[in-house]
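What follows is the content of structure-v5.txt (compact mmCIF, C-alpha atoms).
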```txt
# COMPACT_ATOMS: atom_id res chain seq x y z
CA MET A 240 0.00 0.00 0.00
CA SER A 241 2.83 2.35 0.85
CA PHE A 242 4.30 1.61 -2.57
CA LEU A 243 1.04 2.76 -4.17
CA ASP A 244 1.35 5.96 -2.10
CA LEU A 245 4.20 6.90 -4.43
CA ASP A 246 1.33 8.43 -6.43
CA GLU A 247 2.49 10.33 -9.54
CA PHE A 248 6.01 8.96 -9.16
CA LEU A 249 4.60 5.61 -10.26
CA LEU A 250 4.02 7.16 -13.69
CA GLU A 251 7.64 8.33 -13.79
CA LEU A 252 8.79 4.93 -12.65
CA ALA A 253 6.71 2.88 -15.07
CA PRO A 254 8.71 3.56 -18.28
CA GLN A 255 12.01 2.88 -16.46
CA VAL A 256 11.22 -0.57 -15.15
CA CYS A 257 9.67 -3.82 -16.24
CA MET A 258 7.69 -5.38 -13.42
CA VAL A 259 8.00 -9.15 -13.68
CA PHE A 260 6.65 -10.52 -10.40
CA SER A 261 4.29 -9.14 -7.77
CA PRO A 262 1.25 -10.11 -5.69
CA ILE A 263 -0.83 -7.96 -8.06
CA MET A 264 0.35 -9.87 -11.16
CA ASP A 265 -0.86 -13.26 -12.25
CA VAL A 266 2.62 -14.81 -12.37
CA LYS A 267 3.15 -18.04 -10.45
CA LYS A 268 6.83 -18.70 -11.05
CA TYR A 269 9.60 -16.32 -9.98
CA PRO A 270 11.46 -15.38 -13.19
CA ALA A 271 15.23 -15.57 -13.75
CA ASN A 272 17.66 -12.62 -14.01
CA VAL A 273 15.67 -10.15 -11.92
CA ASP A 274 17.54 -6.90 -11.25
CA LEU A 275 15.75 -5.77 -8.09
CA CYS A 276 13.32 -7.37 -5.68
CA LEU A 277 11.53 -5.65 -2.79
CA VAL A 278 10.76 -8.39 -0.26
CA GLU A 279 7.97 -7.66 2.19
CA GLY A 280 7.24 -9.62 5.34
CA ALA A 281 9.15 -11.91 7.67
CA ILE A 282 9.97 -15.58 7.09
CA CYS A 283 7.22 -17.40 8.97
CA ASN A 284 6.74 -20.73 7.17
CA GLU A 285 8.43 -23.15 4.80
CA ASP A 286 6.85 -21.56 1.71
CA HIS A 287 8.39 -18.21 2.67
CA LEU A 288 11.76 -19.86 3.23
CA GLU A 289 11.69 -21.53 -0.18
CA MET A 290 10.55 -18.31 -1.87
CA ALA A 291 13.32 -16.29 -0.20
CA LYS A 292 15.94 -18.75 -1.47
CA THR A 293 14.47 -18.65 -4.99
CA ILE A 294 14.50 -14.85 -4.93
CA ARG A 295 18.14 -14.78 -3.82
CA CYS A 296 19.18 -17.21 -6.57
CA HIS A 297 17.57 -15.21 -9.35
CA THR A 298 17.97 -11.60 -8.18
CA LYS A 299 20.92 -9.21 -8.32
CA PHE A 300 19.76 -6.77 -5.62
CA VAL A 301 17.50 -7.91 -2.77
CA VAL A 302 15.84 -5.33 -0.52
CA ALA A 303 14.33 -6.15 2.88
CA PHE A 304 11.30 -3.91 2.50
CA GLY A 305 9.73 -2.72 5.76
CA ASP A 306 10.10 -3.65 9.43
CA CYS A 307 8.58 -7.13 9.11
CA ALA A 308 11.28 -8.20 6.65
CA ILE A 309 13.99 -6.47 8.70
CA THR A 310 13.08 -7.36 12.30
CA GLY A 311 10.14 -9.76 12.16
CA ASN A 312 8.11 -6.90 13.70
CA VAL A 313 4.52 -7.75 14.69
CA SER A 314 4.58 -11.07 12.87
CA ALA A 315 7.46 -12.19 15.14
CA ILE A 316 5.52 -11.47 18.33
CA ARG A 317 4.64 -15.15 18.40
CA ASN A 318 8.33 -15.81 19.11
CA GLN A 319 8.10 -14.01 22.45
CA LEU A 320 4.85 -15.52 23.70
CA GLY A 321 6.69 -18.55 25.01
CA LEU A 322 4.26 -20.84 23.21
CA GLY A 323 7.08 -23.34 22.65
CA GLY A 324 6.87 -24.56 19.07
CA ARG A 325 4.70 -24.37 15.99
CA GLU A 326 2.05 -26.87 17.12
CA ASN A 327 1.20 -24.63 20.05
CA VAL A 328 1.01 -21.58 17.77
CA LEU A 329 -1.57 -23.33 15.59
CA GLN A 330 -3.40 -24.59 18.67
CA ARG A 331 -3.55 -21.06 20.04
CA ALA A 332 -4.73 -19.52 16.76
CA TYR A 333 -7.14 -22.13 15.47
CA VAL A 334 -8.49 -23.64 18.69
CA GLU A 335 -8.06 -21.46 21.79
CA ALA A 336 -8.72 -18.13 20.05
CA ALA A 337 -11.32 -19.43 17.59
CA GLN A 338 -15.04 -19.10 18.07
CA LEU A 339 -16.15 -21.36 15.21
CA ASN A 340 -14.71 -24.60 13.80
CA GLN A 341 -12.15 -25.06 16.53
CA CYS A 342 -9.67 -27.35 14.85
CA VAL A 343 -6.21 -27.08 13.35
CA PRO A 344 -6.45 -27.34 9.54
CA SER A 345 -5.00 -30.69 8.54
CA MET A 346 -5.73 -30.88 4.81
CA ARG A 347 -2.50 -30.87 2.81
CA GLY A 348 -1.62 -27.58 1.10
CA ILE A 349 -3.91 -25.43 3.22
CA VAL A 350 -1.54 -24.05 5.85
CA PRO A 351 2.16 -24.22 4.94
CA PRO A 352 4.22 -25.80 7.76
CA LEU A 353 5.25 -23.03 10.18
CA LEU A 354 8.88 -22.50 11.14
CA GLU A 355 9.69 -22.87 14.84
CA ARG A 356 10.24 -19.12 15.01
CA VAL A 357 9.59 -16.18 12.71
CA LEU A 358 12.85 -14.90 11.19
CA PRO A 359 13.98 -11.61 9.63
CA LEU A 360 14.88 -11.96 5.94
CA HIS A 361 18.61 -11.41 6.47
CA GLU A 362 18.77 -14.40 8.82
CA VAL A 363 17.90 -16.72 5.91
CA ILE A 364 19.45 -15.06 2.83
CA PRO A 365 22.02 -12.28 2.26
CA VAL A 366 20.23 -8.94 1.86
CA ASP A 367 21.65 -6.01 -0.12
CA PHE A 368 19.60 -3.17 1.32
CA PHE A 369 17.29 -2.47 4.26
CA LEU A 370 14.35 -0.09 3.79
CA THR A 371 12.95 0.48 7.30
CA GLY A 372 9.51 1.60 8.38
CA CYS A 373 6.10 0.22 9.21
CA PRO A 374 5.21 0.91 6.50
CA PRO A 375 8.23 2.52 4.77
CA HIS A 376 7.33 6.13 3.97
CA PRO A 377 6.82 6.69 0.21
CA ASN A 378 9.56 9.36 0.23
CA LYS A 379 12.05 6.78 1.43
CA ILE A 380 10.97 4.31 -1.23
CA ARG A 381 11.27 6.99 -3.89
CA SER A 382 14.65 8.13 -2.64
CA PHE A 383 15.94 4.56 -2.67
CA LEU A 384 14.52 3.79 -6.13
CA CYS A 385 15.92 7.00 -7.67
CA GLN A 386 19.39 6.26 -6.30
CA TRP A 387 19.25 2.67 -7.48
CA LEU A 388 17.98 3.61 -10.95
CA ALA A 389 20.77 6.18 -11.26
CA GLY A 390 23.22 3.35 -10.76
CA ASP A 391 24.42 4.61 -7.38
CA ASN A 392 24.97 2.49 -4.33
CA PRO A 393 21.75 3.45 -2.51
CA ARG A 394 22.21 5.12 0.84
CA LEU A 395 19.67 6.41 3.33
CA GLU A 396 20.48 8.00 6.67
CA GLY A 397 19.08 9.79 9.72
CA LEU A 398 15.28 9.78 9.99
CA ASP A 399 15.09 7.75 6.78
CA LEU A 400 16.38 4.79 8.83
CA LYS A 401 13.67 5.09 11.51
CA MET A 402 11.86 1.87 12.28
CA GLY A 403 8.22 1.85 13.26
CA MET B 50 36.96 26.54 40.53
CA ALA B 51 40.13 25.90 38.57
CA ALA B 52 39.89 25.24 34.86
CA LYS B 53 41.54 22.34 33.08
CA THR B 54 42.66 22.39 29.48
CA LEU B 55 42.24 19.34 27.30
CA THR B 56 41.54 18.45 23.69
CA ILE B 57 38.41 16.89 22.19
CA ASN B 58 38.80 15.61 18.65
CA GLY B 59 41.99 17.65 18.33
CA ARG B 60 40.35 20.90 19.42
CA GLN B 61 41.67 22.54 22.56
CA ILE B 62 39.02 23.37 25.14
CA SER B 63 38.89 24.30 28.80
CA ALA B 64 36.42 23.04 31.35
CA ALA B 65 35.88 23.39 35.08
CA GLU B 66 37.86 21.03 37.29
CA GLY B 67 35.69 18.13 38.36
CA SER B 68 33.58 18.13 35.16
CA THR B 69 32.91 14.87 33.43
CA ILE B 70 34.08 14.34 29.85
CA LEU B 71 30.40 14.43 28.84
CA GLN B 72 29.82 17.85 30.43
CA ALA B 73 33.02 19.21 28.89
CA ALA B 74 32.09 17.84 25.46
CA LEU B 75 28.54 19.20 25.55
CA ASP B 76 29.77 22.62 26.75
CA ALA B 77 32.20 22.64 23.83
CA GLY B 78 29.40 21.84 21.39
CA VAL B 79 30.50 18.25 20.78
CA SER B 80 27.49 15.94 20.89
CA LEU B 81 27.73 12.41 22.24
CA PRO B 82 25.10 9.69 22.12
CA THR B 83 23.74 8.95 25.60
CA LEU B 84 20.96 6.75 26.87
CA CYS B 85 21.28 6.19 30.63
CA HIS B 86 22.36 9.80 31.23
CA LEU B 87 19.56 12.07 32.42
CA GLU B 88 20.09 15.71 33.29
CA GLY B 89 19.43 16.23 36.99
CA VAL B 90 20.33 12.79 38.32
CA TYR B 91 23.76 11.30 38.88
CA ASP B 92 25.39 9.15 36.18
CA VAL B 93 26.15 5.45 36.38
CA GLY B 94 27.71 4.62 32.99
CA ALA B 95 25.25 1.80 32.37
CA CYS B 96 24.49 2.05 28.65
CA ARG B 97 28.07 2.39 27.29
CA LEU B 98 26.93 4.56 24.37
CA CYS B 99 29.00 7.59 25.42
CA LEU B 100 32.26 5.60 25.40
CA VAL B 101 35.19 7.69 24.21
CA GLU B 102 38.86 7.11 23.53
CA VAL B 103 41.36 8.76 25.85
CA LYS B 104 44.98 8.81 24.70
CA GLY B 105 47.10 6.62 26.91
CA ALA B 106 44.14 4.73 28.41
CA SER B 107 44.07 1.03 27.60
CA LYS B 108 40.28 0.86 27.68
CA LEU B 109 37.45 2.96 26.29
CA VAL B 110 35.90 5.07 29.04
CA PRO B 111 32.31 6.26 29.56
CA ALA B 112 32.23 10.03 29.13
CA CYS B 113 29.42 10.44 31.67
CA THR B 114 31.34 9.01 34.64
CA THR B 115 34.93 9.93 33.79
CA THR B 116 36.29 13.14 35.26
CA ILE B 117 38.50 15.32 33.06
CA SER B 118 42.15 15.88 33.81
CA GLU B 119 44.75 18.34 32.59
CA GLY B 120 46.09 17.58 29.11
CA MET B 121 43.58 14.79 28.41
CA GLU B 122 43.33 13.97 24.69
CA ILE B 123 39.85 12.69 23.87
CA GLN B 124 38.41 11.29 20.66
CA THR B 125 34.61 10.94 20.43
CA ALA B 126 33.89 9.68 16.93
CA THR B 127 36.64 7.34 15.72
CA GLU B 128 35.83 4.43 13.45
CA ARG B 129 36.20 2.04 16.41
CA LEU B 130 33.74 4.05 18.55
CA VAL B 131 31.17 4.29 15.76
CA LYS B 132 31.43 0.52 15.28
CA TYR B 133 31.07 -0.24 19.00
CA ARG B 134 28.11 2.12 19.43
CA ARG B 135 26.25 0.44 16.61
CA ILE B 136 27.01 -2.99 18.14
CA THR B 137 25.78 -1.78 21.55
CA LEU B 138 22.53 -0.52 20.05
CA GLU B 139 21.98 -3.72 18.09
CA LEU B 140 22.54 -5.80 21.22
CA LEU B 141 19.99 -3.69 23.10
CA PHE B 142 17.44 -4.38 20.37
CA ALA B 143 18.29 -8.09 20.20
CA GLU B 144 18.15 -8.57 23.98
CA ARG B 145 14.46 -7.74 24.54
CA ASN B 146 11.34 -7.33 22.42
CA HIS B 147 11.37 -3.87 20.88
CA VAL B 148 8.56 -3.63 18.31
CA CYS B 149 8.62 0.07 17.35
CA SER B 150 5.53 -0.06 15.17
CA VAL B 151 3.22 -1.00 18.06
CA CYS B 152 5.01 0.79 20.91
CA VAL B 153 3.52 3.64 22.93
CA ALA B 154 6.77 5.54 22.54
CA ASN B 155 7.06 5.21 18.74
CA GLY B 156 8.42 8.56 17.53
CA HIS B 157 9.28 9.69 21.08
CA CYS B 158 11.78 7.00 21.96
CA GLU B 159 15.44 7.69 22.66
CA LEU B 160 16.48 4.15 21.78
CA GLN B 161 14.70 4.39 18.44
CA SER B 162 16.13 7.81 17.57
CA LEU B 163 19.64 6.77 18.61
CA ALA B 164 19.35 3.71 16.38
CA PHE B 165 18.58 5.71 13.25
CA SER B 166 20.98 8.52 14.08
CA GLN B 167 23.80 5.99 14.49
CA GLY B 168 22.97 4.40 11.13
CA MET B 169 21.32 1.19 12.36
CA ASP B 170 19.22 -0.18 9.49
CA HIS B 171 19.02 -3.73 10.84
CA VAL B 172 20.25 -5.89 13.71
CA ARG B 173 23.04 -8.29 12.79
CA PHE B 174 22.65 -10.39 15.95
CA GLU B 175 20.05 -13.07 16.38
CA TYR B 176 17.05 -11.74 18.31
CA ILE B 177 16.59 -13.53 21.62
CA PHE B 178 12.79 -13.00 21.82
CA PRO B 179 12.71 -13.52 25.60
CA LYS B 180 9.45 -13.89 27.47
CA TRP B 181 8.89 -10.93 29.79
CA ASP B 182 5.76 -9.86 31.57
CA VAL B 183 3.93 -6.54 31.73
CA ASP B 184 2.96 -5.05 35.12
CA ASN B 185 -0.33 -3.30 34.51
CA THR B 186 -1.50 -3.48 38.11
CA HIS B 187 -0.98 0.21 38.97
CA SER B 188 -4.05 2.36 38.35
CA LEU B 189 -2.17 5.06 36.42
CA PHE B 190 1.00 3.53 35.07
CA GLY B 191 2.29 0.40 33.38
CA MET B 192 5.66 -1.26 33.03
CA ASP B 193 6.48 -3.41 30.00
CA HIS B 194 9.72 -5.26 30.69
CA ASN B 195 9.93 -6.21 27.02
CA ARG B 196 10.93 -2.63 26.26
CA CYS B 197 13.28 -2.05 29.21
CA ILE B 198 16.97 -1.43 28.49
CA LEU B 199 18.01 -1.41 32.18
CA CYS B 200 19.36 2.14 32.02
CA THR B 201 18.17 2.58 35.66
CA ARG B 202 17.00 6.14 35.08
CA CYS B 203 13.71 5.22 36.81
CA VAL B 204 15.58 3.78 39.79
CA ARG B 205 17.67 6.92 40.15
CA VAL B 206 14.79 9.42 39.89
CA CYS B 207 12.76 7.30 42.33
CA TRP B 208 15.53 7.19 44.94
CA HIS B 209 17.22 10.53 44.47
CA ILE B 210 14.55 12.97 43.30
CA GLU B 211 11.36 11.53 44.76
CA GLY B 212 13.15 9.85 47.65
CA ALA B 213 10.71 6.96 47.66
CA GLY B 214 13.09 4.11 46.76
CA THR B 215 10.35 2.05 45.15
CA ARG B 216 12.27 1.05 42.03
CA ASN B 217 15.14 -1.38 42.28
CA VAL B 218 17.13 -3.76 40.13
CA ALA B 219 17.03 -7.52 40.70
CA GLY B 220 18.84 -10.38 39.00
CA ARG B 221 22.07 -10.47 37.02
CA GLY B 222 23.12 -10.01 33.39
CA GLY B 223 20.41 -10.48 30.81
CA GLN B 224 18.01 -11.64 33.49
CA SER B 225 18.25 -8.34 35.35
CA LYS B 226 14.90 -6.74 35.94
CA ILE B 227 13.54 -3.49 37.29
CA ILE B 228 11.40 -4.38 40.29
CA THR B 229 8.96 -2.60 42.59
CA ASP B 230 9.86 -2.68 46.30
CA LEU B 231 11.06 -6.22 47.07
CA ASN B 232 9.60 -7.58 43.81
CA THR B 233 5.92 -7.08 44.45
CA SER B 234 3.39 -6.07 41.85
CA TRP B 235 3.21 -2.29 41.40
CA SER B 236 -0.26 -2.00 42.93
CA GLU B 237 0.96 -3.68 46.12
CA SER B 238 3.90 -1.34 46.57
CA GLU B 239 3.87 0.40 49.93
CA SER B 240 6.53 2.96 49.05
CA CYS B 241 5.33 4.18 45.62
CA THR B 242 3.88 7.69 45.85
CA SER B 243 2.43 7.52 42.31
CA CYS B 244 4.43 10.64 41.46
CA GLY B 245 5.11 9.50 37.89
CA LYS B 246 8.76 10.57 37.79
CA CYS B 247 9.86 7.14 36.61
CA ILE B 248 7.48 7.44 33.66
CA GLN B 249 8.95 10.83 32.74
CA SER B 250 12.49 9.54 32.98
CA CYS B 251 12.19 6.37 30.88
CA PRO B 252 13.96 6.64 27.49
CA THR B 253 11.82 3.93 25.84
CA GLY B 254 8.22 2.78 26.12
CA ALA B 255 8.96 0.49 29.08
CA LEU B 256 7.26 2.80 31.58
CA PHE B 257 4.10 4.42 30.32
CA PHE B 258 0.94 6.20 31.33
CA LYS B 259 -2.06 3.96 30.96
CA GLY B 260 -4.32 5.05 28.16
CA ALA B 261 -1.49 5.89 25.80
CA THR B 262 -1.73 3.94 22.59
CA VAL B 263 0.79 3.66 19.77
CA GLY B 264 2.79 6.84 19.33
CA GLU B 265 0.55 8.94 21.61
CA MET B 266 2.81 9.44 24.59
CA VAL B 267 4.89 12.62 24.88
CA ARG B 268 7.03 13.17 27.98
CA ASP B 269 7.32 16.36 29.95
CA ARG B 270 10.92 16.38 31.23
CA SER B 271 10.57 19.97 32.41
CA LYS B 272 8.78 18.59 35.47
CA LEU B 273 11.96 16.87 36.59
CA GLU B 274 13.97 20.01 35.94
CA PHE B 275 11.37 21.95 37.93
CA ILE B 276 11.75 19.74 40.98
CA VAL B 277 15.53 20.01 40.93
CA ASN B 278 15.42 23.81 40.44
CA ALA B 279 12.75 24.11 43.10
CA ARG B 280 14.98 22.40 45.64
CA GLU B 281 18.30 23.88 44.64
CA LYS B 282 17.32 27.39 43.58
CA LYS B 283 14.08 27.71 45.59
CA LEU B 284 12.03 28.26 42.44
CA TRP B 285 8.77 26.76 43.63
CA VAL B 286 6.41 28.22 41.04
CA TYR B 287 5.81 25.85 38.12
CA GLN B 288 5.41 27.56 34.79
CA ASP B 289 3.83 25.39 32.14
```

Please render this file's structure as structure tokens.
Amino acid sequence: MSFLDLDEFLLELAPQVCMVFSPIMDVKKYPANVDLCLVEGAICNEDHLEMAKTIRCHTKFVVAFGDCAITGNVSAIRNQLGLGGRENVLQRAYVEAAQLNQCVPSMRGIVPPLLERVLPLHEVIPVDFFLTGCPPHPNKIRSFLCQWLAGDNPRLEGLDLKMG
Amino acid sequence: MAAKTLTINGRQISAAEGSTILQAALDAGVSLPTLCHLEGVYDVGACRLCLVEVKGASKLVPACTTTISEGMEIQTATERLVKYRRITLELLFAERNHVCSVCVANGHCELQSLAFSQGMDHVRFEYIFPKWDVDNTHSLFGMDHNRCILCTRCVRVCWHIEGAGTRNVAGRGGQSKIITDLNTSWSESESCTSCGKCIQSCPTGALFFKGATVGEMVRDRSKLEFIVNAREKKLWVYQD
């Protein structure tokens, strides 16, 4: 959503890039030889882990985009609840906190197996750049993209590094 | 009082005898990152962010608790210091559960602003994600140990400005914890006067006024300054 808040800049950006993979595109397979990937969210389950590895293999410049990717943020709060393992997390979410249909989904392919703990992106793959914020302010995104498109080594500092 | 001459980052300055390196640096317009330091209460050198290099000293020294001496040659921003400060900050973030986006102090937090001002864009150490509780028993205030950095500002204002001695430190190392009286819940404390000084002193969102949601809480440090001035200079009229 914050990316869409780039407003008119999106029109400037459009002719300079070729978007090849995104949640808003109907593309199932991550393509090869990608120049830049903005990765949102923490690594919570085995699907995320696999996707992160695929992205790293096929991408020149990987950005941890937003606090979830960088720190785990709210999605990592389950790590500190002392629930002790993924079974208990599912039990808590689908049984204890549920009002209807209190059972852990067991059908294959419905819920990807959770990791024992939620991890920041850089703990599973090397990351080239960290764009902080929850969400990252559009000005930061724009600043980063302009520097990267100009061929510079992107650099943000001061308030532009603020988390939260 | 006699003056001492010394150099900070190669610049010669003079400062009153008995000053700390931090006071001398600030008076000379040299800023230093601090976290446990709070104007008006004594320093303890707990956070290690104001570490500086002193020529001839084998170790780095905390500027807030080291007294100046004649001819001292101090460096405040060498590559080594910048590196260590960033490591210190990252360890503080990794040690407890600091989730800026849902914290009452988001945007008004000294830990958060130090992190970005020192160039921290991520934490290179594995997060511990410890399990800490929240004491919400007091009618006005709350304490979230997840966000505590053990700077002991709250302990010092409680003992030395309020004189109540409610706040204390228990445990050792990473298991250290700020406690109320002899580790009771806050509502059961017999010594707490509910003055709120600990809330005003806290650099993070660990101590908070109840009713403050994400990013709402703004501190009023002038109240602490007022109390100190009231006692020392007999200025008893509070001007908002």

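In this structure, atom CA of Pro377 of chain A sits 8.8 Å away from atom CA of Asp246 of chain A.
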
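The spacing separating atom CA of Ser238 of chain B from atom CA of Asn217 of chain B amounts to 12.0 Å.
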
Find the residues near Lys268 of chain A: any atom within 12 Å, counting all atoms listed in the file, skip ones fewer than 2 places away on the same chain, and give them as a PDB file with C-alpha atoms, keeping the file's coordinate frame.
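The resulting file, part.pdb, is shown below:
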```
ATOM      1  CA  VAL A 259       8.000  -9.150 -13.680  1.00  0.00           C
ATOM      2  CA  PHE A 260       6.650 -10.520 -10.400  1.00  0.00           C
ATOM      3  CA  SER A 261       4.290  -9.140  -7.770  1.00  0.00           C
ATOM      4  CA  PRO A 262       1.250 -10.110  -5.690  1.00  0.00           C
ATOM      5  CA  MET A 264       0.350  -9.870 -11.160  1.00  0.00           C
ATOM      6  CA  ASP A 265      -0.860 -13.260 -12.250  1.00  0.00           C
ATOM      7  CA  VAL A 266       2.620 -14.810 -12.370  1.00  0.00           C
ATOM      8  CA  PRO A 270      11.460 -15.380 -13.190  1.00  0.00           C
ATOM      9  CA  ALA A 271      15.230 -15.570 -13.750  1.00  0.00           C
ATOM     10  CA  MET A 290      10.550 -18.310  -1.870  1.00  0.00           C
ATOM     11  CA  THR A 293      14.470 -18.650  -4.990  1.00  0.00           C
ATOM     12  CA  ILE A 294      14.500 -14.850  -4.930  1.00  0.00           C
ATOM     13  CA  HIS A 297      17.570 -15.210  -9.350  1.00  0.00           C
TER      14      HIS A 297
END
```

Report summary line: A straight line from atom CA of Leu360 of chain A to atom CA of Phe300 of chain A spans 13.6 Å

Counting all atoms listed in the file, which residues in segment 217-250 of chain B sit no more than 9 Å from segment 256-268 of chain B? For each one, give the nearest pair of atoms and the distance in Å, sorted by chain then residue number, as JSON lines.
```
{"residue": "B:Gly245", "atom": "CA", "partner": "B:Phe258", "partner_atom": "CA", "distance": 8.4}
{"residue": "B:Cys247", "atom": "CA", "partner": "B:Leu256", "partner_atom": "CA", "distance": 7.1}
{"residue": "B:Ile248", "atom": "CA", "partner": "B:Leu256", "partner_atom": "CA", "distance": 5.1}
{"residue": "B:Gln249", "atom": "CA", "partner": "B:Arg268", "partner_atom": "CA", "distance": 5.6}
{"residue": "B:Ser250", "atom": "CA", "partner": "B:Arg268", "partner_atom": "CA", "distance": 8.2}
```

Once 8 Å is added on each side, what are the centre and the three edge lengths, in Å to one decimal, of the axis-aligned box enclosing the listed atoms of segment 67-80 of chain B? Present them as AutoDock Vina command-line options.
```
--center_x 31.6 --center_y 18.5 --center_z 29.6 --size_x 24.2 --size_y 24.3 --size_z 33.6
```

Requested in this report: Have a look at A:Gly321, A:Gly390, A:Pro351, A:Pro344 and name the one nearest to chain B; count all atoms listed in the file.
Outcome: A:Gly321

Query raised in the report: When the cut-off is 9 Å and we count all atoms listed in the file, which residues of chain B are near chain A, given as number ranges by chain?
Result: B: 146-152, 155-156, 161-162, 164-173, 175-181

Query - Nearest to Ala74 of chain B, chosen from B:His209, B:Lys246, B:Arg60, B:Lys104, with all atoms listed in the file counted in the distances - result: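 The answer is B:Arg60, which sits nearest to Ala74 of chain B.
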
Query raised in the report: So which residues touch segment 250-255 of chain A within 12 Å, counting only C-alpha atoms, skipping near sequence neighbours fewer than 3 positions away, as a count of residues only?
Result: 14

**Report entry** Residue nearest Gly89 of chain B among B:Val218, B:Ile210, B:Ala64, B:Ile228 (counting all atoms listed in the file)
**Finding:**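 Under the stated criterion, the closest residue is B:Ile210.
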
**Report entry** Selection: 9 Å around Lys299 of chain A, all atoms listed in the file, excl. self and same-chain fewer than 5 positions, as number ranges by chain
**Finding:** A: 272-276, 367

Please list as a compact mmCIF listing (two decimals) with C-alpha atoms, keeping the file's coordinate frame every residue within 9 Å of Leu81 of chain B, counting only C-alpha atoms and excluding residues in the same chain fewer than 3 positions away.
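Okay, result_24.txt is ready:
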```txt
# COMPACT_ATOMS: atom_id res chain seq x y z
CA LEU B 71 30.40 14.43 28.84
CA ALA B 74 32.09 17.84 25.46
CA LEU B 75 28.54 19.20 25.55
CA LEU B 98 26.93 4.56 24.37
CA CYS B 99 29.00 7.59 25.42
CA LEU B 100 32.26 5.60 25.40
CA ALA B 112 32.23 10.03 29.13
CA THR B 125 34.61 10.94 20.43
CA ALA B 126 33.89 9.68 16.93
```

Requested in this report: Rank A:Gly280, A:Leu329, A:Asn378, A:Glu335 by their smallest atom-to-atom distance to Val350 of chain A, using all atoms listed in the file, and report the top residue only.
Outcome: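 Under the stated criterion, the closest residue is A:Leu329.
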
Query - Residues within 9 Å of Arg205 of chain B, all atoms listed in the file, excluding chain neighbours under 2 positions, as a PyMOL selection string - result: chain B and resi 90-92+201-203+207-210+214+216-217+247
